[in-house]
Amino acid sequence: QVQLVESGGGLVQAGGSLRLSCAASGSIFRINAMGWYRQAPGKQRDLVAVITSGGNTNYADSVKGRFTISRDNAKNTVYLQMNSLKPEDQAVYYCYVRAVVATYWGQGTQVTVSS
């Protein structure tokens with residue numbers, strides 16, 4: 001049974017920073033990519049950042065230069081360092097793991113940015 005455990009969300013003032021972590025456990029065969037999506041109330045879930053097993057990264061335009069994704073392959077853990085947070089970054093952030101046979105999702109962690 002695969003489980004993704006997220007941590008690091010919370011309340012921060014605009015301009016502040018947070019670091020999200022997501023640890024994947026269980027039997028996952030050949031992870032191709034790990035990343036983060038986010039969903040604000042009344043909006044669709046959008047990609048924030050993704051990192052492949054080879055270390056290639058891709059970011060949403062809205063977070064480029066402010067967010068950094070990284071991963072520890074040995075620990076099956078992905079991180080999202082979020083700097084210069086804005087009120088529009090407020091959302092539930094979901095970790096995901098894309099493996100050869102399936103995609104797995106975390107339960108989501110709330111990020112609240114006060115102005």
# chains A, B, ... in the order shown; residues from 1 in each chain; ligands from 1
>>> residues_around(residues="Thr109 of chain A", least_positions_apart="6", cutoff="6 Å", atoms="only C-alpha atoms", output="list of chain:residue names")
A:Gly9, A:Val92, A:Tyr93
>>> residues_around(residues="Thr103 of chain A", least_positions_apart="2", cutoff="12 Å", atoms="only C-alpha atoms", output="short mmCIF file (atom, residue, chain, number, x, y, z; two decimals) with N, CA and C atoms, in the first residue's frame")
data_model
loop_
_atom_site.label_atom_id
_atom_site.label_comp_id
_atom_site.auth_asym_id
_atom_site.auth_seq_id
_atom_site.Cartn_x
_atom_site.Cartn_y
_atom_site.Cartn_z
N VAL A 2 0.65 2.12 -0.95
CA VAL A 2 1.45 3.33 -1.08
C VAL A 2 0.81 4.45 -0.27
N GLN A 3 1.63 5.18 0.42
CA GLN A 3 1.14 6.29 1.22
C GLN A 3 2.06 7.49 1.02
N LEU A 4 1.45 8.65 0.81
CA LEU A 4 2.20 9.90 0.72
C LEU A 4 1.84 10.75 1.92
N ALA A 24 7.05 9.45 0.44
CA ALA A 24 6.30 8.32 -0.11
C ALA A 24 6.79 7.02 0.50
N ILE A 28 6.59 1.16 -4.46
CA ILE A 28 6.37 1.98 -5.66
C ILE A 28 7.42 1.58 -6.68
N PHE A 29 6.95 1.07 -7.80
CA PHE A 29 7.87 0.59 -8.82
C PHE A 29 8.19 1.70 -9.79
N ARG A 30 9.44 2.05 -9.86
CA ARG A 30 9.96 3.00 -10.84
C ARG A 30 9.21 4.33 -10.83
N ILE A 31 9.61 5.21 -9.92
CA ILE A 31 9.05 6.56 -9.89
C ILE A 31 9.66 7.36 -11.03
N ASN A 32 8.80 7.95 -11.83
CA ASN A 32 9.26 8.79 -12.93
C ASN A 32 9.35 10.26 -12.53
N ALA A 33 8.40 10.68 -11.73
CA ALA A 33 8.39 12.10 -11.35
C ALA A 33 7.64 12.27 -10.04
N MET A 34 7.98 13.33 -9.36
CA MET A 34 7.29 13.73 -8.13
C MET A 34 7.01 15.22 -8.23
N GLY A 35 5.97 15.66 -7.59
CA GLY A 35 5.69 17.08 -7.69
C GLY A 35 4.55 17.54 -6.82
N CYS A 95 0.74 16.73 -2.93
CA CYS A 95 1.91 16.05 -3.45
C CYS A 95 1.45 14.92 -4.37
N TYR A 96 2.23 14.62 -5.39
CA TYR A 96 1.91 13.46 -6.21
C TYR A 96 3.19 12.76 -6.63
N VAL A 97 3.02 11.48 -6.90
CA VAL A 97 4.10 10.64 -7.39
C VAL A 97 3.61 9.94 -8.64
N ARG A 98 4.32 10.13 -9.72
CA ARG A 98 3.95 9.45 -10.96
C ARG A 98 4.92 8.30 -11.19
N ALA A 99 4.39 7.11 -11.04
CA ALA A 99 5.18 5.91 -11.26
C ALA A 99 4.79 5.28 -12.60
N VAL A 100 5.44 4.19 -12.92
CA VAL A 100 5.20 3.54 -14.21
C VAL A 100 3.75 3.07 -14.32
N VAL A 101 3.23 2.50 -13.23
CA VAL A 101 1.91 1.87 -13.31
C VAL A 101 0.79 2.70 -12.70
N TRP A 105 -1.47 10.21 -4.85
CA TRP A 105 -1.69 11.56 -4.34
C TRP A 105 -1.64 11.59 -2.82
N GLY A 106 -1.13 12.70 -2.31
CA GLY A 106 -1.19 12.93 -0.88
C GLY A 106 -2.54 13.49 -0.49
#
>>> residues_around(residues="Gln39 of chain A", least_positions_apart="3", cutoff="9 Å", atoms="only C-alpha atoms", output="PyMOL selection string")
chain A and resi 42-46+90-94
>>> select_by_dssp(residues="chain A", states="strand (DSSP E or B)", output="VMD selection string")
chain A and resid 3 to 7 10 to 13 18 to 25 31 to 39 46 to 52 57 to 59 67 to 72 77 to 82 91 to 99 103 to 105 109 to 114
>>> atom_distance(atom1="atom CA of Leu47 of chain A", atom2="atom CA of Gly16 of chain A")
21.2 Å
>>> residues_around(residues="Ala49 of chain A", least_positions_apart="6", cutoff="10 Å", atoms="only C-alpha atoms", output="number ranges by chain")
A: 34-38, 57-61, 63-64, 67-70, 80, 95
>>> residues_around(residues="Ser62 of chain A", least_positions_apart="5", cutoff="10 Å", atoms="only C-alpha atoms", output="PyMOL selection string")
chain A and resi 48+67+88-89
>>> closest_residue(among="A:Asn76, A:Thr52, A:Thr112, A:Gln1", to="Ser17 of chain A", atoms="only C-alpha atoms")
A:Thr112
>>> atom_distance(atom1="atom CA of Gly26 of chain A", atom2="atom CA of Ile51 of chain A")
20.0 Å
>>> residues_around(residues="Val12 of chain A", least_positions_apart="6", cutoff="8 Å", atoms="only C-alpha atoms", output="tab-separated table (two decimals) with all heavy atoms, in the first residue's frame")
chain	number	residue	atom	x	y	z
A	18	LEU	N	7.75	29.05	3.38
A	18	LEU	CA	7.37	27.76	3.93
A	18	LEU	C	8.08	26.68	3.14
A	18	LEU	O	8.40	26.88	1.95
A	18	LEU	CB	5.86	27.52	3.84
A	18	LEU	CG	4.95	28.24	4.82
A	18	LEU	CD1	3.49	27.97	4.46
A	18	LEU	CD2	5.22	27.81	6.25
A	111	VAL	N	-1.96	25.79	2.83
A	111	VAL	CA	-1.05	26.93	2.92
A	111	VAL	C	-1.91	28.19	2.92
A	111	VAL	O	-2.67	28.42	1.98
A	111	VAL	CB	-0.05	26.95	1.74
A	111	VAL	CG1	0.73	28.26	1.74
A	111	VAL	CG2	0.89	25.76	1.83
A	112	THR	N	-1.77	28.97	3.97
A	112	THR	CA	-2.54	30.20	4.11
A	112	THR	C	-1.57	31.37	4.18
A	112	THR	O	-0.64	31.36	4.99
A	112	THR	CB	-3.40	30.17	5.38
A	112	THR	OG1	-4.29	29.03	5.32
A	112	THR	CG2	-4.24	31.44	5.50
A	113	VAL	N	-1.79	32.36	3.32
A	113	VAL	CA	-0.91	33.52	3.25
A	113	VAL	C	-1.72	34.75	3.60
A	113	VAL	O	-2.67	35.09	2.89
A	113	VAL	CB	-0.28	33.67	1.86
A	113	VAL	CG1	0.71	34.83	1.85
A	113	VAL	CG2	0.42	32.37	1.44
A	114	SER	N	-1.35	35.40	4.68
A	114	SER	CA	-2.07	36.60	5.10
A	114	SER	C	-1.41	37.84	4.51
A	114	SER	O	-0.19	37.92	4.40
A	114	SER	CB	-2.07	36.69	6.62
A	114	SER	OG	-0.75	36.82	7.13
>>> closest_residue(among="A:Asn56, A:Asn73, A:Ala102, A:Leu20", to="Glu6 of chain A", atoms="only C-alpha atoms")
A:Leu20
>>> decode(residues="segment 1-40 of chain A", atoms="N, CA and C atoms", output="PDB file, in the first residue's frame")
ATOM      1  N   GLN A   1       0.850  -1.184   0.000  1.00  0.00           N
ATOM      2  CA  GLN A   1       0.000   0.000   0.000  1.00  0.00           C
ATOM      3  C   GLN A   1       0.889   1.238   0.000  1.00  0.00           C
ATOM      4  N   VAL A   2       0.649   2.117  -0.950  1.00  0.00           N
ATOM      5  CA  VAL A   2       1.449   3.328  -1.084  1.00  0.00           C
ATOM      6  C   VAL A   2       0.810   4.448  -0.274  1.00  0.00           C
ATOM      7  N   GLN A   3       1.632   5.179   0.422  1.00  0.00           N
ATOM      8  CA  GLN A   3       1.144   6.294   1.219  1.00  0.00           C
ATOM      9  C   GLN A   3       2.059   7.493   1.021  1.00  0.00           C
ATOM     10  N   LEU A   4       1.447   8.652   0.813  1.00  0.00           N
ATOM     11  CA  LEU A   4       2.197   9.901   0.720  1.00  0.00           C
ATOM     12  C   LEU A   4       1.838  10.749   1.921  1.00  0.00           C
ATOM     13  N   VAL A   5       2.847  11.142   2.683  1.00  0.00           N
ATOM     14  CA  VAL A   5       2.623  11.929   3.893  1.00  0.00           C
ATOM     15  C   VAL A   5       3.236  13.302   3.697  1.00  0.00           C
ATOM     16  N   GLU A   6       2.379  14.307   3.720  1.00  0.00           N
ATOM     17  CA  GLU A   6       2.808  15.683   3.518  1.00  0.00           C
ATOM     18  C   GLU A   6       2.949  16.389   4.852  1.00  0.00           C
ATOM     19  N   SER A   7       3.832  17.380   4.870  1.00  0.00           N
ATOM     20  CA  SER A   7       3.997  18.202   6.056  1.00  0.00           C
ATOM     21  C   SER A   7       4.547  19.553   5.640  1.00  0.00           C
ATOM     22  N   GLY A   8       4.430  20.528   6.545  1.00  0.00           N
ATOM     23  CA  GLY A   8       5.039  21.823   6.318  1.00  0.00           C
ATOM     24  C   GLY A   8       4.085  22.951   5.986  1.00  0.00           C
ATOM     25  N   GLY A   9       2.826  22.650   5.771  1.00  0.00           N
ATOM     26  CA  GLY A   9       1.887  23.721   5.497  1.00  0.00           C
ATOM     27  C   GLY A   9       1.610  24.542   6.747  1.00  0.00           C
ATOM     28  N   GLY A  10       0.899  25.643   6.560  1.00  0.00           N
ATOM     29  CA  GLY A  10       0.559  26.477   7.698  1.00  0.00           C
ATOM     30  C   GLY A  10       0.223  27.890   7.285  1.00  0.00           C
ATOM     31  N   LEU A  11       0.277  28.766   8.269  1.00  0.00           N
ATOM     32  CA  LEU A  11      -0.055  30.174   8.078  1.00  0.00           C
ATOM     33  C   LEU A  11       1.231  30.991   8.044  1.00  0.00           C
ATOM     34  N   VAL A  12       1.330  31.865   7.052  1.00  0.00           N
ATOM     35  CA  VAL A  12       2.511  32.704   6.913  1.00  0.00           C
ATOM     36  C   VAL A  12       2.081  34.065   6.387  1.00  0.00           C
ATOM     37  N   GLN A  13       2.816  35.081   6.730  1.00  0.00           N
ATOM     38  CA  GLN A  13       2.542  36.411   6.203  1.00  0.00           C
ATOM     39  C   GLN A  13       3.072  36.538   4.784  1.00  0.00           C
ATOM     40  N   ALA A  14       2.469  37.403   4.030  1.00  0.00           N
ATOM     41  CA  ALA A  14       2.954  37.657   2.676  1.00  0.00           C
ATOM     42  C   ALA A  14       4.425  38.069   2.740  1.00  0.00           C
ATOM     43  N   GLY A  15       5.189  37.500   1.814  1.00  0.00           N
ATOM     44  CA  GLY A  15       6.623  37.731   1.806  1.00  0.00           C
ATOM     45  C   GLY A  15       7.416  36.687   2.560  1.00  0.00           C
ATOM     46  N   GLY A  16       6.722  35.868   3.314  1.00  0.00           N
ATOM     47  CA  GLY A  16       7.374  34.835   4.105  1.00  0.00           C
ATOM     48  C   GLY A  16       7.651  33.579   3.312  1.00  0.00           C
ATOM     49  N   SER A  17       8.130  32.569   4.027  1.00  0.00           N
ATOM     50  CA  SER A  17       8.540  31.311   3.392  1.00  0.00           C
ATOM     51  C   SER A  17       7.953  30.115   4.125  1.00  0.00           C
ATOM     52  N   LEU A  18       7.749  29.052   3.383  1.00  0.00           N
ATOM     53  CA  LEU A  18       7.374  27.759   3.932  1.00  0.00           C
ATOM     54  C   LEU A  18       8.084  26.678   3.136  1.00  0.00           C
ATOM     55  N   ARG A  19       8.291  25.546   3.777  1.00  0.00           N
ATOM     56  CA  ARG A  19       8.871  24.395   3.082  1.00  0.00           C
ATOM     57  C   ARG A  19       7.952  23.195   3.269  1.00  0.00           C
ATOM     58  N   LEU A  20       7.470  22.690   2.157  1.00  0.00           N
ATOM     59  CA  LEU A  20       6.619  21.499   2.182  1.00  0.00           C
ATOM     60  C   LEU A  20       7.469  20.261   1.934  1.00  0.00           C
ATOM     61  N   SER A  21       7.080  19.183   2.599  1.00  0.00           N
ATOM     62  CA  SER A  21       7.739  17.896   2.395  1.00  0.00           C
ATOM     63  C   SER A  21       6.687  16.848   2.105  1.00  0.00           C
ATOM     64  N   CYS A  22       7.078  15.860   1.340  1.00  0.00           N
ATOM     65  CA  CYS A  22       6.180  14.748   1.029  1.00  0.00           C
ATOM     66  C   CYS A  22       7.018  13.477   0.955  1.00  0.00           C
ATOM     67  N   ALA A  23       6.735  12.563   1.862  1.00  0.00           N
ATOM     68  CA  ALA A  23       7.460  11.298   1.900  1.00  0.00           C
ATOM     69  C   ALA A  23       6.556  10.178   1.411  1.00  0.00           C
ATOM     70  N   ALA A  24       7.048   9.447   0.437  1.00  0.00           N
ATOM     71  CA  ALA A  24       6.296   8.320  -0.110  1.00  0.00           C
ATOM     72  C   ALA A  24       6.791   7.023   0.504  1.00  0.00           C
ATOM     73  N   SER A  25       5.858   6.202   0.945  1.00  0.00           N
ATOM     74  CA  SER A  25       6.223   4.909   1.516  1.00  0.00           C
ATOM     75  C   SER A  25       5.399   3.811   0.854  1.00  0.00           C
ATOM     76  N   GLY A  26       5.874   2.586   0.998  1.00  0.00           N
ATOM     77  CA  GLY A  26       5.209   1.464   0.361  1.00  0.00           C
ATOM     78  C   GLY A  26       5.957   1.034  -0.891  1.00  0.00           C
ATOM     79  N   SER A  27       5.373   0.120  -1.583  1.00  0.00           N
ATOM     80  CA  SER A  27       6.018  -0.445  -2.760  1.00  0.00           C
ATOM     81  C   SER A  27       5.647   0.372  -3.994  1.00  0.00           C
ATOM     82  N   ILE A  28       6.591   1.157  -4.459  1.00  0.00           N
ATOM     83  CA  ILE A  28       6.375   1.976  -5.661  1.00  0.00           C
ATOM     84  C   ILE A  28       7.424   1.576  -6.680  1.00  0.00           C
ATOM     85  N   PHE A  29       6.954   1.065  -7.796  1.00  0.00           N
ATOM     86  CA  PHE A  29       7.870   0.594  -8.819  1.00  0.00           C
ATOM     87  C   PHE A  29       8.187   1.702  -9.795  1.00  0.00           C
ATOM     88  N   ARG A  30       9.437   2.054  -9.857  1.00  0.00           N
ATOM     89  CA  ARG A  30       9.958   3.003 -10.837  1.00  0.00           C
ATOM     90  C   ARG A  30       9.206   4.330 -10.828  1.00  0.00           C
ATOM     91  N   ILE A  31       9.611   5.211  -9.924  1.00  0.00           N
ATOM     92  CA  ILE A  31       9.050   6.559  -9.888  1.00  0.00           C
ATOM     93  C   ILE A  31       9.657   7.361 -11.027  1.00  0.00           C
ATOM     94  N   ASN A  32       8.802   7.951 -11.831  1.00  0.00           N
ATOM     95  CA  ASN A  32       9.258   8.789 -12.934  1.00  0.00           C
ATOM     96  C   ASN A  32       9.354  10.255 -12.534  1.00  0.00           C
ATOM     97  N   ALA A  33       8.395  10.684 -11.730  1.00  0.00           N
ATOM     98  CA  ALA A  33       8.386  12.096 -11.353  1.00  0.00           C
ATOM     99  C   ALA A  33       7.642  12.271 -10.037  1.00  0.00           C
ATOM    100  N   MET A  34       7.984  13.330  -9.357  1.00  0.00           N
ATOM    101  CA  MET A  34       7.286  13.729  -8.135  1.00  0.00           C
ATOM    102  C   MET A  34       7.015  15.220  -8.232  1.00  0.00           C
ATOM    103  N   GLY A  35       5.973  15.661  -7.586  1.00  0.00           N
ATOM    104  CA  GLY A  35       5.692  17.083  -7.694  1.00  0.00           C
ATOM    105  C   GLY A  35       4.552  17.541  -6.816  1.00  0.00           C
ATOM    106  N   TRP A  36       4.123  18.745  -7.104  1.00  0.00           N
ATOM    107  CA  TRP A  36       3.088  19.401  -6.311  1.00  0.00           C
ATOM    108  C   TRP A  36       2.063  20.074  -7.217  1.00  0.00           C
ATOM    109  N   TYR A  37       0.815  19.909  -6.844  1.00  0.00           N
ATOM    110  CA  TYR A  37      -0.288  20.663  -7.410  1.00  0.00           C
ATOM    111  C   TYR A  37      -0.886  21.500  -6.280  1.00  0.00           C
ATOM    112  N   ARG A  38      -1.698  22.458  -6.641  1.00  0.00           N
ATOM    113  CA  ARG A  38      -2.435  23.209  -5.633  1.00  0.00           C
ATOM    114  C   ARG A  38      -3.833  23.516  -6.132  1.00  0.00           C
ATOM    115  N   GLN A  39      -4.722  23.685  -5.172  1.00  0.00           N
ATOM    116  CA  GLN A  39      -6.109  23.976  -5.501  1.00  0.00           C
ATOM    117  C   GLN A  39      -6.659  24.990  -4.518  1.00  0.00           C
ATOM    118  N   ALA A  40      -7.071  26.133  -5.043  1.00  0.00           N
ATOM    119  CA  ALA A  40      -7.722  27.162  -4.241  1.00  0.00           C
ATOM    120  C   ALA A  40      -9.231  26.933  -4.299  1.00  0.00           C
TER     121      ALA A  40
END
